[in-house]
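Below is one structure, written out as structure tokens; the observations come after it.
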Amino acid sequence: MPIKIDQNEKPVINLTPMIDIVFLLVIFFMVGTKFSEVEQQLELTVPEVSGEASVAPTVKRHVVAVFKDGTVSLDGELMDMQQLEVQLKREQQAGDTVNVVIRGDAEGAFQNVASVLSVCRNAGVSDLGVSVRLASSGE
């Protein structure tokens, strides 16, 4: 059976399905808009509840930098270990969830980072992280 190849035929894109979908979307948004207008026009008094509903605690994220000489900063503010512990305890007692990332200097003593970890633990911080940098592969 010979196959006829007609060079005069050009490919045609059928736009009918796309037009159907566009019309359906238009109808969907028109109906959705009408329902929201009806809800706004209803004269309705919403019931009240006591104002002591439990509020979700806010999450505070902090970066503690431990420098080579052992000095510490909390979000860029220099402080000593006692001030760091007081600040973290204050936020924990306020009901906030405190997350701490510790960034220690690679050339500094690890004892400084360990001291900051201990201070964070004493302050009640349970979500701790230590920031590191991946070594380059071209060694």
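Here, A, B, ... name the chains of the structure tokens in the order displayed, residue numbers run from 1 inside each chain, and ligands are numbered from 1 in the same displayed order.
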
List as JSON, numbers by chain the protein and nucleic acid residues near Gln92 in chain A, meaning an atom at most 10 Å away when only C-alpha atoms are counted, but skip any in the same chain fewer than 4 places from it. {"A": [60, 86, 87, 88, 96, 97, 98, 123, 124, 125]}

Which polymer residues have any atom within 12 Å of an atom of His62 in chain A, counting only C-alpha atoms, with same-chain residues fewer than 5 positions away left out, as a list in words? Ser73, Leu74, Asp75, Gly76, Glu77, Leu84, Gln87, Leu88, Glu91, Thr97, Val98, Asn99, Val100, Val101, Ile102, Arg103, Cys120, Val125, Asp127, Leu128, Gly129 and Val130 of chain A

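Our summary of the geometry notes that CA of Gly70 in chain A is positioned 14.4 Å from CA of Ser118 in chain A.
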
Students should find that CA of Met81 in chain A and CA of Gln93 in chain A are spaced 18.2 Å

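Atom pair CA of Leu78 in chain A / CA of Ala106 in chain A has a distance of 18.9 Å (rounded to one decimal).
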
Considering only C-alpha atoms, can you say which of A:Glu9, A:Val72, A:Val66, A:Gln82 comes closest to Ser131 in chain A? A:Val66
